[in-house]
Each structure stands twice: as C-alpha cells, then as structure tokens.
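S.K.: Input: one structure, supplied below.
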Amino acid sequence: MGQDTYLHKGLRKRMIEKLADAGISDKRVLEAMNRVPRHLFLGKDSVFDETAYENKAFQIGNGQTISMPFTVAYQTELLEIAKGDKVLEIGTGSGYQAAVLIEMGAKVFSIERQKSLFDKTPTLLRQLGYGSVKTFFGDGFLGLPVFAPFDKIIITAAAPEIPQKLLQQLEEGGQMVIPLEEGEKTIMRRITKTEENNFEEEQFIDCAFVPMLKGKKY
Ligand code: SAH
C-alpha cells in the first residue's frame, strides 16, 4: 500500500483551502476530509498521486468513479452528521466517502451493487483504519431493512426516482441526500422525514454522478 507523505498532506491542505473558498463552510467536514488520504483510494498507479487532490473525479474500475472532492464535501455538509449517527450509503465505490463519514464520527453501512468493487474496497478500508464500515453486496434501491432505521441516508449515484424503500428506512427526523435525475439534469436534493409518511424536500445545486442502477452485477 502507498504512503501518506508530507507531500500528500500538503496537497491535501491546499485542497481543503480550495473547498473552503468554494463555499464549504462546515469545519468538521473540512477537518474530516483533511484526515483522509484520498490518493490511496484511487488505485495503485502512483501517477495519480499529485492529481488526487485536484477537484476531479477518477475512474476506479468497472466504469465507476470516485466523486469530485467538492461533491463529497457538499453532500457530507448537507447530511449534517452528528457523532454516532447511523448512516446508510448507497454506492461504496472506492470507499472514500465512507471513510469521510467515519472521520465525522458516523456509524456507516454501505451497499455496493458491483461484486468486484464489493470484493475489493473493504480490504482497503481495513488497511487504512476504516474497518468499522459495514459493507454489503446488494441493490441500494432496497436498502438494508434489517439494520433500519437510519439517521441519515446518502446516495452517491444519480437516482432516476426517489427510492421509496429508503424513505421507509429513515428515522423520524432523519434526512436523505440524493442526486435526483430530472430530465437532462441531476439536482441535489435533501429529503427530511418530519414524521411517519411526511416528508420535506429541499433543492440544491446541479451535479454529475454515475447512474444508480437496479439489481446486482457479478
Ligand atoms: N461513494 C463512492 C462513489 C462511487 S460512484 C466513492 O466515494 O467512491 C457510485 C457507486 O454507486 C458505483 O460504485 C456504483 O456501482 C454504485 N451503485 C450504482 N447503483 C447502485 C445501487 N442500486 N446499489 C448500490 N450501489 C450502486
């Protein structure tokens, strides 16, 4: 496994400053992201080392991407994580977002539909000290009814519709952050479960994600 050197720490600090300049104001989010060695989530190729801290998305294999740092910061900020929150993530991918949530003090459950990513990512998370993330191979549209309810749900792929099963698995007062496809656009939304069967929706920025797809992929 690669190292987290002073060079990486310096690049990371600069990335954090840029995120703050771009409008991310929650210090806890910035501090959490400052602790996660993003370059180690991009795969083995050291050519990524210097670009890992630019505001870019990267291919992580199987046509999937690790989201841009700004997108991770933005979604994490909208989640308003409190220490001890039980969080369900849809789309484990590289594991980077899950690591940021762990650094925020959350208990993280994460579902991935692609077997190859599900097989690979938990090992990396363990090696980097994020072994407390509970990972599952499955279809995120179904959630994890056995472990529900969740305080927060974060969807890290562009959803064609609001997954009703996930709304059911939210705690009362809980929130779901979801990039929702609307025509040509994908718009970040936050849905708050104010009480059983009662929801409030807020709309935020346009964004870009790989699609949230149904079923498992072997
Ligand atoms: N959170 C990830 C982002 C990865 S990209 C990270 O930090 O790297 C989105 C991921 O969502 C992909 O790995 C994709 O396979 C996965 N995905 C898409 N649809 C899904 C679904 N229905 N259930 C679970 N995972 C899904």
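Letters A, B, ... mark the chains of the structure tokens in the order given; residue numbers begin at 1 per chain; ligand numbers begin at 1, in order shown.
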Which neighbours of segment 10-12 of chain A fall inside 12 Å, counting only C-alpha atoms, when residues of the same chain fewer than 5 positions from it are skipped, and could you give them as a list in words?
M.R.: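 With the cut-off at 12 Å, the set is Asp4, Thr5, Glu17, Lys18, Leu19, Leu30, Glu31, Ala32, Met33, Asn34, Arg35, Val36, Pro37, Arg38, His39, Asp49, Glu50, Thr51, Ala52, Tyr53, Glu54, Asn55 and Pro69 of chain A.
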S.K.: Please write the residues from the selection above to a file, keeping N, CA and C atoms, as an mmCIF file, in the first residue's frame.
M.R.:
```
data_model
loop_
_atom_site.group_PDB
_atom_site.id
_atom_site.type_symbol
_atom_site.label_atom_id
_atom_site.label_comp_id
_atom_site.auth_asym_id
_atom_site.auth_seq_id
_atom_site.Cartn_x
_atom_site.Cartn_y
_atom_site.Cartn_z
ATOM 1 N N ASP A 4 1.364 7.926 3.026
ATOM 2 C CA ASP A 4 0.809 9.277 3.121
ATOM 3 C C ASP A 4 1.944 10.198 3.574
ATOM 4 N N THR A 5 2.596 10.815 2.607
ATOM 5 C CA THR A 5 3.806 11.603 2.888
ATOM 6 C C THR A 5 3.462 13.071 3.182
ATOM 7 N N GLU A 17 -8.343 24.089 1.539
ATOM 8 C CA GLU A 17 -8.469 25.547 1.416
ATOM 9 C C GLU A 17 -9.334 25.907 0.213
ATOM 10 N N LYS A 18 -9.137 25.167 -0.877
ATOM 11 C CA LYS A 18 -9.946 25.434 -2.079
ATOM 12 C C LYS A 18 -11.411 25.098 -1.848
ATOM 13 N N LEU A 19 -11.672 24.015 -1.104
ATOM 14 C CA LEU A 19 -13.064 23.647 -0.797
ATOM 15 C C LEU A 19 -13.722 24.750 0.035
ATOM 16 N N LEU A 30 -14.497 19.788 6.624
ATOM 17 C CA LEU A 30 -13.160 20.106 6.104
ATOM 18 C C LEU A 30 -12.093 19.349 6.888
ATOM 19 N N GLU A 31 -12.250 19.301 8.206
ATOM 20 C CA GLU A 31 -11.258 18.590 9.032
ATOM 21 C C GLU A 31 -11.276 17.089 8.738
ATOM 22 N N ALA A 32 -12.471 16.537 8.574
ATOM 23 C CA ALA A 32 -12.581 15.102 8.268
ATOM 24 C C ALA A 32 -11.877 14.805 6.940
ATOM 25 N N MET A 33 -12.143 15.636 5.937
ATOM 26 C CA MET A 33 -11.534 15.391 4.619
ATOM 27 C C MET A 33 -10.018 15.618 4.651
ATOM 28 N N ASN A 34 -9.574 16.456 5.562
ATOM 29 C CA ASN A 34 -8.132 16.685 5.699
ATOM 30 C C ASN A 34 -7.418 15.461 6.288
ATOM 31 N N ARG A 35 -8.183 14.600 6.940
ATOM 32 C CA ARG A 35 -7.575 13.407 7.550
ATOM 33 C C ARG A 35 -7.581 12.186 6.636
ATOM 34 N N VAL A 36 -8.366 12.206 5.561
ATOM 35 C CA VAL A 36 -8.481 11.000 4.718
ATOM 36 C C VAL A 36 -7.513 11.076 3.523
ATOM 37 N N PRO A 37 -6.587 10.112 3.411
ATOM 38 C CA PRO A 37 -5.608 10.122 2.319
ATOM 39 C C PRO A 37 -6.244 9.730 0.986
ATOM 40 N N ARG A 38 -6.865 10.700 0.329
ATOM 41 C CA ARG A 38 -7.644 10.425 -0.885
ATOM 42 C C ARG A 38 -6.832 9.703 -1.956
ATOM 43 N N HIS A 39 -5.536 10.013 -2.044
ATOM 44 C CA HIS A 39 -4.725 9.401 -3.114
ATOM 45 C C HIS A 39 -4.664 7.880 -2.981
ATOM 46 N N ASP A 49 -0.937 10.278 -7.821
ATOM 47 C CA ASP A 49 -0.606 10.914 -6.550
ATOM 48 C C ASP A 49 -0.807 12.419 -6.510
ATOM 49 N N GLU A 50 -0.271 13.112 -7.515
ATOM 50 C CA GLU A 50 -0.324 14.563 -7.448
ATOM 51 C C GLU A 50 -1.672 15.130 -7.835
ATOM 52 N N THR A 51 -2.386 14.395 -8.685
ATOM 53 C CA THR A 51 -3.678 14.915 -9.132
ATOM 54 C C THR A 51 -4.805 14.511 -8.177
ATOM 55 N N ALA A 52 -4.501 13.637 -7.224
ATOM 56 C CA ALA A 52 -5.538 13.129 -6.319
ATOM 57 C C ALA A 52 -6.221 14.240 -5.543
ATOM 58 N N TYR A 53 -5.516 15.371 -5.389
ATOM 59 C CA TYR A 53 -6.063 16.441 -4.559
ATOM 60 C C TYR A 53 -6.581 17.615 -5.382
ATOM 61 N N GLU A 54 -6.712 17.393 -6.698
ATOM 62 C CA GLU A 54 -7.392 18.384 -7.528
ATOM 63 C C GLU A 54 -8.874 18.053 -7.507
ATOM 64 N N ASN A 55 -9.672 19.049 -7.911
ATOM 65 C CA ASN A 55 -11.109 18.818 -7.850
ATOM 66 C C ASN A 55 -11.581 18.030 -9.075
ATOM 67 N N PRO A 69 -13.864 15.912 -5.067
ATOM 68 C CA PRO A 69 -13.816 16.344 -3.665
ATOM 69 C C PRO A 69 -14.933 17.332 -3.306
#
```
S.K.: Find the nearest atom pair between each residue of chain A and ligand 1 for residues within 6 Å, count only C-alpha atoms and all ligand atoms, give distances in Å to one decimal, sort rows by chain and ascending number, and present the table as JSON lines.
M.R.:
```
{"residue": "A:Gln64", "atom": "CA", "partner": "ligand 1", "partner_atom_place_in_ligand_line": "12 (C)", "distance": 5.2}
{"residue": "A:Thr65", "atom": "CA", "partner": "ligand 1", "partner_atom_place_in_ligand_line": "5 (S)", "distance": 4.7}
{"residue": "A:Ile66", "atom": "CA", "partner": "ligand 1", "partner_atom_place_in_ligand_line": "8 (O)", "distance": 3.7}
{"residue": "A:Ser67", "atom": "CA", "partner": "ligand 1", "partner_atom_place_in_ligand_line": "3 (C)", "distance": 5.5}
{"residue": "A:Ile90", "atom": "CA", "partner": "ligand 1", "partner_atom_place_in_ligand_line": "24 (C)", "distance": 5.0}
{"residue": "A:Gly91", "atom": "CA", "partner": "ligand 1", "partner_atom_place_in_ligand_line": "11 (O)", "distance": 3.2}
{"residue": "A:Thr92", "atom": "CA", "partner": "ligand 1", "partner_atom_place_in_ligand_line": "1 (N)", "distance": 4.8}
{"residue": "A:Gly93", "atom": "CA", "partner": "ligand 1", "partner_atom_place_in_ligand_line": "13 (O)", "distance": 3.5}
{"residue": "A:Ser94", "atom": "CA", "partner": "ligand 1", "partner_atom_place_in_ligand_line": "8 (O)", "distance": 3.8}
{"residue": "A:Gly95", "atom": "CA", "partner": "ligand 1", "partner_atom_place_in_ligand_line": "7 (O)", "distance": 5.0}
{"residue": "A:Tyr96", "atom": "CA", "partner": "ligand 1", "partner_atom_place_in_ligand_line": "7 (O)", "distance": 4.1}
{"residue": "A:Gln97", "atom": "CA", "partner": "ligand 1", "partner_atom_place_in_ligand_line": "7 (O)", "distance": 3.8}
{"residue": "A:Ile111", "atom": "CA", "partner": "ligand 1", "partner_atom_place_in_ligand_line": "24 (C)", "distance": 5.0}
{"residue": "A:Glu112", "atom": "CA", "partner": "ligand 1", "partner_atom_place_in_ligand_line": "25 (N)", "distance": 3.8}
{"residue": "A:Arg113", "atom": "CA", "partner": "ligand 1", "partner_atom_place_in_ligand_line": "24 (C)", "distance": 4.1}
{"residue": "A:Gln114", "atom": "CA", "partner": "ligand 1", "partner_atom_place_in_ligand_line": "15 (O)", "distance": 5.2}
{"residue": "A:Asp139", "atom": "CA", "partner": "ligand 1", "partner_atom_place_in_ligand_line": "23 (N)", "distance": 4.0}
{"residue": "A:Gly140", "atom": "CA", "partner": "ligand 1", "partner_atom_place_in_ligand_line": "23 (N)", "distance": 3.3}
{"residue": "A:Phe141", "atom": "CA", "partner": "ligand 1", "partner_atom_place_in_ligand_line": "22 (N)", "distance": 5.2}
{"residue": "A:Thr156", "atom": "CA", "partner": "ligand 1", "partner_atom_place_in_ligand_line": "1 (N)", "distance": 5.1}
{"residue": "A:Ala157", "atom": "CA", "partner": "ligand 1", "partner_atom_place_in_ligand_line": "9 (C)", "distance": 4.7}
{"residue": "A:Val210", "atom": "CA", "partner": "ligand 1", "partner_atom_place_in_ligand_line": "9 (C)", "distance": 5.9}
{"residue": "A:Pro211", "atom": "CA", "partner": "ligand 1", "partner_atom_place_in_ligand_line": "18 (C)", "distance": 5.9}
{"residue": "A:Met212", "atom": "CA", "partner": "ligand 1", "partner_atom_place_in_ligand_line": "19 (N)", "distance": 3.4}
{"residue": "A:Leu213", "atom": "CA", "partner": "ligand 1", "partner_atom_place_in_ligand_line": "19 (N)", "distance": 4.1}
{"residue": "A:Lys214", "atom": "CA", "partner": "ligand 1", "partner_atom_place_in_ligand_line": "22 (N)", "distance": 4.8}
```
S.K.: Looking at A:Gln59, A:Gln164, A:Thr135, A:Gln169, which one is nearest to Ser110 of chain A, with distances taken over only C-alpha atoms?
M.R.: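 Nearest candidate to Ser110 of chain A out of A:Gln59, A:Gln164, A:Thr135, A:Gln169: A:Thr135.
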S.K.: Which residue out of A:Gly84, A:Gly63, A:Gly138, A:Asp21 has the minimum interatomic distance to Lys217 of chain A when only C-alpha atoms are used?
M.R.: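 Among the listed residues, the smallest separation from Lys217 of chain A belongs to A:Gly138.
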S.K.: Using only C-alpha atoms, which residues of segment 124-176 of chain A come within 12 Å of segment 196-204 of chain A, and what is the closest atom pair for each, with the distance in Å to one decimal? Give it as CSV, sorted by chain and residue number.
M.R.:
```
residue,atom,partner,partner_atom,distance
A:Pro149,CA,A:Glu196,CA,11.9
A:Ile162,CA,A:Glu201,CA,11.2
A:Gln164,CA,A:Asn197,CA,10.7
A:Leu167,CA,A:Asn197,CA,8.8
A:Gln168,CA,A:Asn197,CA,8.3
A:Gln169,CA,A:Glu196,CA,10.6
A:Leu170,CA,A:Glu196,CA,9.3
A:Glu171,CA,A:Glu196,CA,8.7
A:Glu172,CA,A:Glu196,CA,6.5
A:Gly173,CA,A:Glu196,CA,9.2
A:Gly174,CA,A:Phe199,CA,9.9
A:Gln175,CA,A:Phe199,CA,9.4
A:Met176,CA,A:Glu201,CA,9.6
```
S.K.: Convert the current residue selection to file output with N, CA, C and O atoms, as a PDB file, in the first residue's frame.
M.R.:
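Saved file again.pdb follows:
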```pdb
ATOM      1  N   PRO A 149     -34.003   1.601  11.538  1.00  0.00           N
ATOM      2  CA  PRO A 149     -33.929   2.843  10.764  1.00  0.00           C
ATOM      3  C   PRO A 149     -32.545   3.499  10.815  1.00  0.00           C
ATOM      4  O   PRO A 149     -31.771   3.249  11.718  1.00  0.00           O
ATOM      5  N   ILE A 162     -37.027   8.682  -6.542  1.00  0.00           N
ATOM      6  CA  ILE A 162     -36.742   8.597  -5.110  1.00  0.00           C
ATOM      7  C   ILE A 162     -37.076   7.179  -4.639  1.00  0.00           C
ATOM      8  O   ILE A 162     -38.228   6.749  -4.748  1.00  0.00           O
ATOM      9  N   GLN A 164     -38.472   4.536  -2.682  1.00  0.00           N
ATOM     10  CA  GLN A 164     -39.462   4.567  -1.590  1.00  0.00           C
ATOM     11  C   GLN A 164     -39.040   3.716  -0.396  1.00  0.00           C
ATOM     12  O   GLN A 164     -39.302   4.069   0.751  1.00  0.00           O
ATOM     13  N   LEU A 167     -36.904   5.684   1.909  1.00  0.00           N
ATOM     14  CA  LEU A 167     -37.658   6.634   2.732  1.00  0.00           C
ATOM     15  C   LEU A 167     -38.227   5.924   3.959  1.00  0.00           C
ATOM     16  O   LEU A 167     -38.210   6.448   5.073  1.00  0.00           O
ATOM     17  N   GLN A 168     -38.704   4.689   3.732  1.00  0.00           N
ATOM     18  CA  GLN A 168     -39.261   3.909   4.851  1.00  0.00           C
ATOM     19  C   GLN A 168     -38.201   3.609   5.908  1.00  0.00           C
ATOM     20  O   GLN A 168     -38.518   3.469   7.086  1.00  0.00           O
ATOM     21  N   GLN A 169     -36.942   3.490   5.462  1.00  0.00           N
ATOM     22  CA  GLN A 169     -35.865   3.092   6.384  1.00  0.00           C
ATOM     23  C   GLN A 169     -35.208   4.278   7.093  1.00  0.00           C
ATOM     24  O   GLN A 169     -34.235   4.116   7.819  1.00  0.00           O
ATOM     25  N   LEU A 170     -35.772   5.485   6.861  1.00  0.00           N
ATOM     26  CA  LEU A 170     -35.264   6.670   7.557  1.00  0.00           C
ATOM     27  C   LEU A 170     -35.928   6.796   8.916  1.00  0.00           C
ATOM     28  O   LEU A 170     -37.137   6.571   9.057  1.00  0.00           O
ATOM     29  N   GLU A 171     -35.145   7.179   9.895  1.00  0.00           N
ATOM     30  CA  GLU A 171     -35.651   7.506  11.235  1.00  0.00           C
ATOM     31  C   GLU A 171     -36.517   8.766  11.136  1.00  0.00           C
ATOM     32  O   GLU A 171     -36.291   9.607  10.273  1.00  0.00           O
ATOM     33  N   GLU A 172     -37.485   8.929  12.021  1.00  0.00           N
ATOM     34  CA  GLU A 172     -38.230  10.187  12.065  1.00  0.00           C
ATOM     35  C   GLU A 172     -37.258  11.314  12.403  1.00  0.00           C
ATOM     36  O   GLU A 172     -36.469  11.175  13.341  1.00  0.00           O
ATOM     37  N   GLY A 173     -37.303  12.387  11.638  1.00  0.00           N
ATOM     38  CA  GLY A 173     -36.330  13.469  11.815  1.00  0.00           C
ATOM     39  C   GLY A 173     -35.066  13.231  10.993  1.00  0.00           C
ATOM     40  O   GLY A 173     -34.198  14.097  10.920  1.00  0.00           O
ATOM     41  N   GLY A 174     -34.982  12.064  10.368  1.00  0.00           N
ATOM     42  CA  GLY A 174     -33.796  11.716   9.580  1.00  0.00           C
ATOM     43  C   GLY A 174     -33.801  12.381   8.215  1.00  0.00           C
ATOM     44  O   GLY A 174     -34.824  12.893   7.751  1.00  0.00           O
ATOM     45  N   GLN A 175     -32.649  12.354   7.572  1.00  0.00           N
ATOM     46  CA  GLN A 175     -32.503  13.031   6.281  1.00  0.00           C
ATOM     47  C   GLN A 175     -31.815  12.158   5.247  1.00  0.00           C
ATOM     48  O   GLN A 175     -30.913  11.391   5.577  1.00  0.00           O
ATOM     49  N   MET A 176     -32.265  12.304   4.012  1.00  0.00           N
ATOM     50  CA  MET A 176     -31.638  11.606   2.887  1.00  0.00           C
ATOM     51  C   MET A 176     -31.125  12.651   1.893  1.00  0.00           C
ATOM     52  O   MET A 176     -31.871  13.562   1.510  1.00  0.00           O
TER      53      MET A 176
END
```
S.K.: Could you give me, as a PyMOL selection string, each residue of segment 113-208 of chain A that DSSP assigns to strand (DSSP E or B) when run on this structure's backbone?
M.R.: chain A and resi 114+134-137+150-155+158-159+170-182+185-195+198-206
S.K.: For each of A:Phe58, A:Tyr6, A:Phe147, A:Tyr74, take the minimum atom-to-atom distance to Arg190 of chain A, counting only C-alpha atoms, then give the residue where this is smallest.
M.R.: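 For Arg190 of chain A, the nearest of the given residues is A:Tyr74.
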